[in-house]
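Reviewing the structure listed below.
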Amino acid sequence: MTIDDWLIALYERVSGTAATPRSSAAIRRFGPYLGGMIVAKGLSTLGQLLIGRLLGPAEFGRVAVVLATANVVAVPLAGAWGTAFVRYAAAQPDSVWMPLLRWTAMMTLASSGIVAAVVVAAAPFLAVWLDLPPALVIAGGVLGVGMALWLLAKFACQGREDWGRFVAIELLWGLGLMLGCAAALRVAVPTWVYAVGLFWFAYLLGTLAAGKYLVAAFSQQWTHRDRPVVQFGQFALLTSLGNTIILYADRFVAQRALGFSEVGVYQVYSFVTVGVATLLVTLVNNFAFPLFAQGDLRAFARLFRTSFVRLSPLIVGVLYLAGLAQIGVTGFPLRLGLLAIATLSAVACILAAFSGNLVLSQGVVGGRVSARISGLSLLTFAIGAIPAVRLGGLFGLFALYTFIFTGMFWLYQRALDLLPLSASSLDATGRDGRGAC
């Protein structure tokens with residue numbers, strides 16, 4: 001019995017269902033994908049930690065604010081239309097996915113470009129409201145365009161399940177950061193401006209790996225999409241927007257209350273816990289989402305509950321020890337209590353993200369549920385963020401996140417029990433979602 005056969009047998013035992021030919025083929029491809037992604041994520045993680053070490057807390061805090069702004073600009077829009085592409089293009093013929101990718105690219109670039117332009121134009125007003133230098137807001141808006149391109153490239157490869165190119169995008173991104181760190185040794189005093197330029201370079205370098213798909217997309221004639229695709233994209237947009245604000249607005253709250261140095265510390269502790277947790281989630285979610293969208297929801301739900309949930313205590317210990325090592329690389333001050341609560345929030349984030357991905361994969365009906373849960377969680381963050389940071393500082397923010405992510409996990413689990421569909425190929429419209437575009 002080969003390793004692949006053993007993994008297929010393990011999947012069948014844990015999920016309680018026989019592996020379909022599509023699931024078996026995916027499991028056989030998962031090993032090379034996972035190995036490549038571990039190398040790629042290792043490079044990008046080390047690169048970001050070294051950037052923090054080179055800049056120091058205060059300057060790295062400025063970079064954190066720029067990255068937060070860029071994420072708010074790029075992730076909701078690219079994530080919404082990109083997720084719609086993956087949901088409806090997976091395992092489809094060229095006649096379906098190529099026009100859909102053009103629609104996705106146009107929607108992503110147009111919407112992200114418009115939002116970035118608005119952010120740049122409104123920078124003087126946003127800077128006063130957020131108590132930031134205008135240059136940081138402008139830099140975040142501009143960087144958001146580069147991030148949107150990079151995300152679009154990843155979604156194109158994910159929707160086609162071209163994991164070789166997907167890994168190449170991540171490898172080039174990490175390599176770009178490492179090259180920039182090496183070049184920074186020749187710079188007398190690297191600043192946040194240098195770091196932001198480095199991120200732009202790395203994003204563009206990674207995007208090149210998906211040039212084949214982007215060129216193919218723009219060679220197609222523009223077509224309007226059917227209602228289920230657009231409707232799902234709108235719900236995915238609301239979900240992604242709410243989740244992105246929850247994940248990144250804390251930098252702005254912390255900066256107003258505590259200053260850039262504490263934001264720099266917060267960025268490092270968040271990165272080595274919640275950031276690493278997000279990396280772990282994306283390693284699996286990126287690969288599995290096309291399967292979720294085409295397979296049996298119940299089987300994947302059982303697999304999740306009998307594996308990740310039960311492994312949570314082990315994940316807490318591993319993340320905490322890994323966090324200790326990573327903070328040592330940055331040279332930032334070690335705060336054991338802060339690392340502990342950050343680790344708990346990271347594990348809650350893992351559970352919520354996996355559950356949410358299962359729900360969102362269920363087309364329009366899953367998108368509607370996800371948008372509602374995201375909105376409720378955003379309301380909780382809006383009410384609790386300022387009191388949390390004023391009463392508990394950085395510890396209070398991580399405690400709030402632990403509460404929010406745990407609540408999201410519980411709500412997603414309830415949704416998985418109540419969703420009417422056992423196979424996610426059908427939309428709420430009753431049409432075959434795989435052929436809806």
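Residue numbering restarts at 1 for every chain of the structure tokens, chains are lettered A, B, ... in their displayed order, and ligands are numbered from 1 as they appear.
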Who sits within 12 Å of Pro333 in chain A, only C-alpha atoms, same chain under 6 positions skipped, as a VMD selection string: chain A and resid 53 56 to 57 261 to 262 264 to 266 268 to 269 324 326 to 327 339
Cut-off 8 Å: closest range 43-137 of chain A/range 240-256 of chain A atom pairs per residue, using only C-alpha atoms, as CSV:
```
residue,atom,partner,partner_atom,distance
A:Ala64,CA,A:Arg251,CA,7.2
A:Val65,CA,A:Arg251,CA,6.2
A:Ala68,CA,A:Tyr248,CA,5.2
A:Thr69,CA,A:Tyr248,CA,7.9
A:Asn71,CA,A:Thr244,CA,7.1
A:Val72,CA,A:Thr244,CA,6.1
A:Val75,CA,A:Thr244,CA,7.0
A:Pro76,CA,A:Leu241,CA,4.6
A:Leu77,CA,A:Leu241,CA,7.7
A:Gly79,CA,A:Ser240,CA,6.4
A:Ala80,CA,A:Ser240,CA,6.4
A:Leu130,CA,A:Phe252,CA,6.7
A:Asp131,CA,A:Arg256,CA,6.4
```
Within range 178-340 of chain A, find each residue whose DSSP state, derived from the backbone, is alpha helix (DSSP H), and express the selection as number ranges by chain. A: 178-184, 192-207, 211-218, 227-258, 260-270, 276-294, 297-307, 312-330, 336-340
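Considering the residues A:Val230, A:Ala121, A:Val196, A:Met106 and counting only C-alpha atoms, Gly363 in chain A has its shortest atom-to-atom contact with A:Val230.
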Please provide as a PyMOL selection string all residues within 8 Å of range 107-109 of chain A, with the sequence filter that same-chain residues fewer than 3 positions apart are discarded (counting only C-alpha atoms). chain A and resi 77-78+81-82+103-104+112-113+145+148-149+152
Best match for closeness to Ala89 in chain A among A:Tyr194, A:Phe271, A:Phe381, A:Phe155, counting only C-alpha atoms: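 Once distances to Ala89 in chain A are computed over only C-alpha atoms, the minimum belongs to A:Phe155.
Among the candidates A:Trp6, A:Tyr33, A:Phe403, A:Phe60, the one nearest to Leu171 in chain A when counting only C-alpha atoms is A:Tyr33.
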Measure the distance from CA of Gln92 in chain A to CA of Ala301 in chain A in Å and round it to one decimal.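 CA of Gln92 in chain A sits 24.3 Å away from CA of Ala301 in chain A.
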Near-Asn286 in chain A list (10 Å; only C-alpha atoms; drop same-chain fewer than 3 positions) as a list in words: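 Listing them by chain and then by number gives Val86, Lys154, Phe155, Gln158, Gly159, Glu161, Trp163, Phe166, Val281, Thr282, Leu283, Phe289, Pro290, Leu291 and Asn357 of chain A.
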So which one's closest to Ala153 in chain A, A:Thr330, A:Thr273, A:Thr380, A:Thr207? Using only C-alpha atoms, please. A:Thr207
Give me the residues near Trp200 in chain A as number ranges by chain, where near means some atom within 9 Å (using only C-alpha atoms) and where sequence neighbours in that chain fewer than 6 positions away do not count. A: 142-143, 146-147
With N, CA, C and O atoms retained, export the selected residues as a CSV table (one decimal), in the first residue's frame.
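Writing done, so here's part_24.csv:
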```csv
chain,number,residue,atom,x,y,z
A,142,VAL,N,-2.6,52.2,-2.7
A,142,VAL,CA,-1.8,51.8,-3.9
A,142,VAL,C,-1.3,50.3,-3.8
A,142,VAL,O,-1.4,49.6,-4.8
A,143,LEU,N,-0.9,49.9,-2.6
A,143,LEU,CA,-0.5,48.5,-2.4
A,143,LEU,C,-1.7,47.6,-2.6
A,143,LEU,O,-1.5,46.4,-3.1
A,146,GLY,N,-1.8,46.1,-6.1
A,146,GLY,CA,-0.9,45.0,-6.3
A,146,GLY,C,-1.3,43.7,-5.7
A,146,GLY,O,-1.2,42.6,-6.2
A,147,MET,N,-1.9,43.8,-4.5
A,147,MET,CA,-2.4,42.7,-3.8
A,147,MET,C,-3.6,42.1,-4.5
A,147,MET,O,-3.7,40.8,-4.6
```
Give me, please, the distance in Å between CA of Trp97 in chain A and CA of Leu279 in chain A, quoted to one decimal.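 Interatomic distance, CA of Trp97 in chain A to CA of Leu279 in chain A: 27.0 Å.
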Residue among A:Leu344, A:Ala122, A:Leu34, A:Met408 lying closest to Val316 in chain A, counting only C-alpha atoms: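 Comparing A:Leu344, A:Ala122, A:Leu34, A:Met408 against Val316 in chain A, the winner is A:Leu344.
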Determine, counting only C-alpha atoms, which protein, DNA and RNA residues have an atom within 12 Å of an atom of range 372-376 of chain A; residues of the same chain fewer than 5 positions away are not included. Present the result as a ChimeraX atom specification. /A:235-247,352-353,355-356,359-360,365-367,381-383,404-405,407-415
Same residues, N, CA and C atoms, output as an mmCIF file, in the first residue's frame:
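The resulting file, selection.cif, is shown below:
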```
data_model
loop_
_atom_site.group_PDB
_atom_site.id
_atom_site.type_symbol
_atom_site.label_atom_id
_atom_site.label_comp_id
_atom_site.auth_asym_id
_atom_site.auth_seq_id
_atom_site.Cartn_x
_atom_site.Cartn_y
_atom_site.Cartn_z
ATOM 1 N N PHE A 235 -22.916 37.835 -2.050
ATOM 2 C CA PHE A 235 -22.860 37.314 -0.679
ATOM 3 C C PHE A 235 -21.410 37.079 -0.243
ATOM 4 N N ALA A 236 -20.581 36.573 -1.168
ATOM 5 C CA ALA A 236 -19.164 36.373 -0.848
ATOM 6 C C ALA A 236 -18.485 37.710 -0.563
ATOM 7 N N LEU A 237 -18.897 38.759 -1.276
ATOM 8 C CA LEU A 237 -18.341 40.091 -1.033
ATOM 9 C C LEU A 237 -18.676 40.564 0.373
ATOM 10 N N LEU A 238 -19.922 40.422 0.781
ATOM 11 C CA LEU A 238 -20.320 40.832 2.128
ATOM 12 C C LEU A 238 -19.565 40.028 3.186
ATOM 13 N N THR A 239 -19.428 38.721 2.950
ATOM 14 C CA THR A 239 -18.706 37.873 3.898
ATOM 15 C C THR A 239 -17.251 38.284 3.987
ATOM 16 N N SER A 240 -16.616 38.445 2.847
ATOM 17 C CA SER A 240 -15.194 38.781 2.811
ATOM 18 C C SER A 240 -14.937 40.171 3.384
ATOM 19 N N LEU A 241 -15.823 41.106 3.087
ATOM 20 C CA LEU A 241 -15.665 42.463 3.610
ATOM 21 C C LEU A 241 -15.737 42.464 5.134
ATOM 22 N N GLY A 242 -16.757 41.794 5.679
ATOM 23 C CA GLY A 242 -16.886 41.740 7.128
ATOM 24 C C GLY A 242 -15.703 41.061 7.786
ATOM 25 N N ASN A 243 -15.270 39.919 7.243
ATOM 26 C CA ASN A 243 -14.148 39.191 7.838
ATOM 27 C C ASN A 243 -12.847 39.975 7.748
ATOM 28 N N THR A 244 -12.648 40.690 6.633
ATOM 29 C CA THR A 244 -11.417 41.469 6.480
ATOM 30 C C THR A 244 -11.363 42.626 7.468
ATOM 31 N N ILE A 245 -12.480 43.307 7.646
ATOM 32 C CA ILE A 245 -12.510 44.412 8.624
ATOM 33 C C ILE A 245 -12.239 43.873 10.021
ATOM 34 N N ILE A 246 -12.830 42.729 10.345
ATOM 35 C CA ILE A 246 -12.595 42.128 11.659
ATOM 36 C C ILE A 246 -11.110 41.824 11.858
ATOM 37 N N LEU A 247 -10.456 41.306 10.830
ATOM 38 C CA LEU A 247 -9.072 40.855 10.952
ATOM 39 C C LEU A 247 -8.057 41.996 10.928
ATOM 40 N N ALA A 352 -13.037 28.340 13.051
ATOM 41 C CA ALA A 352 -14.051 29.159 12.385
ATOM 42 C C ALA A 352 -13.831 29.199 10.876
ATOM 43 N N ALA A 353 -12.565 29.294 10.445
ATOM 44 C CA ALA A 353 -12.264 29.414 9.017
ATOM 45 C C ALA A 353 -12.620 28.139 8.256
ATOM 46 N N SER A 355 -14.834 25.827 9.150
ATOM 47 C CA SER A 355 -16.290 25.698 9.142
ATOM 48 C C SER A 355 -16.910 26.670 8.142
ATOM 49 N N GLY A 356 -16.404 27.908 8.137
ATOM 50 C CA GLY A 356 -16.934 28.912 7.225
ATOM 51 C C GLY A 356 -16.721 28.552 5.767
ATOM 52 N N VAL A 359 -19.369 26.071 4.690
ATOM 53 C CA VAL A 359 -20.673 26.706 4.493
ATOM 54 C C VAL A 359 -20.679 27.530 3.206
ATOM 55 N N LEU A 360 -19.626 28.328 2.998
ATOM 56 C CA LEU A 360 -19.580 29.213 1.833
ATOM 57 C C LEU A 360 -19.564 28.435 0.527
ATOM 58 N N VAL A 365 -27.115 29.610 -1.180
ATOM 59 C CA VAL A 365 -27.665 29.422 0.162
ATOM 60 C C VAL A 365 -26.564 29.506 1.214
ATOM 61 N N GLY A 366 -25.394 28.918 0.927
ATOM 62 C CA GLY A 366 -24.282 29.014 1.870
ATOM 63 C C GLY A 366 -23.726 30.415 1.950
ATOM 64 N N GLY A 367 -23.692 31.112 0.814
ATOM 65 C CA GLY A 367 -23.209 32.489 0.817
ATOM 66 C C GLY A 367 -24.081 33.397 1.657
ATOM 67 N N PHE A 381 -17.448 42.984 16.897
ATOM 68 C CA PHE A 381 -16.139 43.649 16.910
ATOM 69 C C PHE A 381 -16.304 45.160 17.060
ATOM 70 N N ALA A 382 -17.238 45.742 16.333
ATOM 71 C CA ALA A 382 -17.433 47.193 16.383
ATOM 72 C C ALA A 382 -17.822 47.655 17.785
ATOM 73 N N ILE A 383 -18.617 46.866 18.482
ATOM 74 C CA ILE A 383 -19.044 47.232 19.831
ATOM 75 C C ILE A 383 -17.916 47.027 20.840
ATOM 76 N N ILE A 404 -14.910 36.211 19.475
ATOM 77 C CA ILE A 404 -15.572 36.338 18.172
ATOM 78 C C ILE A 404 -15.387 35.084 17.339
ATOM 79 N N PHE A 405 -14.160 34.580 17.257
ATOM 80 C CA PHE A 405 -13.902 33.391 16.434
ATOM 81 C C PHE A 405 -14.618 32.159 16.991
ATOM 82 N N GLY A 407 -17.446 32.197 18.627
ATOM 83 C CA GLY A 407 -18.844 32.371 18.258
ATOM 84 C C GLY A 407 -19.100 32.051 16.798
ATOM 85 N N MET A 408 -18.191 32.469 15.923
ATOM 86 C CA MET A 408 -18.337 32.165 14.502
ATOM 87 C C MET A 408 -18.300 30.656 14.271
ATOM 88 N N PHE A 409 -17.390 29.974 14.955
ATOM 89 C CA PHE A 409 -17.285 28.525 14.825
ATOM 90 C C PHE A 409 -18.601 27.852 15.220
ATOM 91 N N TRP A 410 -19.173 28.273 16.336
ATOM 92 C CA TRP A 410 -20.419 27.675 16.806
ATOM 93 C C TRP A 410 -21.545 27.918 15.798
ATOM 94 N N LEU A 411 -21.641 29.138 15.269
ATOM 95 C CA LEU A 411 -22.702 29.462 14.315
ATOM 96 C C LEU A 411 -22.533 28.684 13.009
ATOM 97 N N TYR A 412 -21.292 28.566 12.528
ATOM 98 C CA TYR A 412 -21.055 27.799 11.305
ATOM 99 C C TYR A 412 -21.402 26.327 11.503
ATOM 100 N N GLN A 413 -21.085 25.789 12.676
ATOM 101 C CA GLN A 413 -21.428 24.398 12.939
ATOM 102 C C GLN A 413 -22.940 24.197 12.955
ATOM 103 N N ARG A 414 -23.654 25.130 13.534
ATOM 104 C CA ARG A 414 -25.112 25.057 13.507
ATOM 105 C C ARG A 414 -25.621 25.114 12.068
ATOM 106 N N ALA A 415 -24.997 25.971 11.258
ATOM 107 C CA ALA A 415 -25.416 26.087 9.861
ATOM 108 C C ALA A 415 -25.176 24.782 9.107
#
```
A:Ala156, A:Ala325, A:Val215, A:Val364 ranked by distance to Ala90 in chain A, top pick (using only C-alpha atoms):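 Selected residue with least distance to Ala90 in chain A: A:Ala156.
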CA of Pro190 in chain A to CA of Gln267 in chain A, distance in Å rounded to a single decimal: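 Atom-to-atom, CA of Pro190 in chain A and CA of Gln267 in chain A are spaced 18.1 Å apart.
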Do a neighbour search on range 41-47 of chain A at 9 Å with only C-alpha atoms, toss out local chain neighbours closer than 3 positions, and write the hits as a PyMOL selection string. chain A and resi 36-38+50-52+170-171+173-181+271-272+276+279+326+329
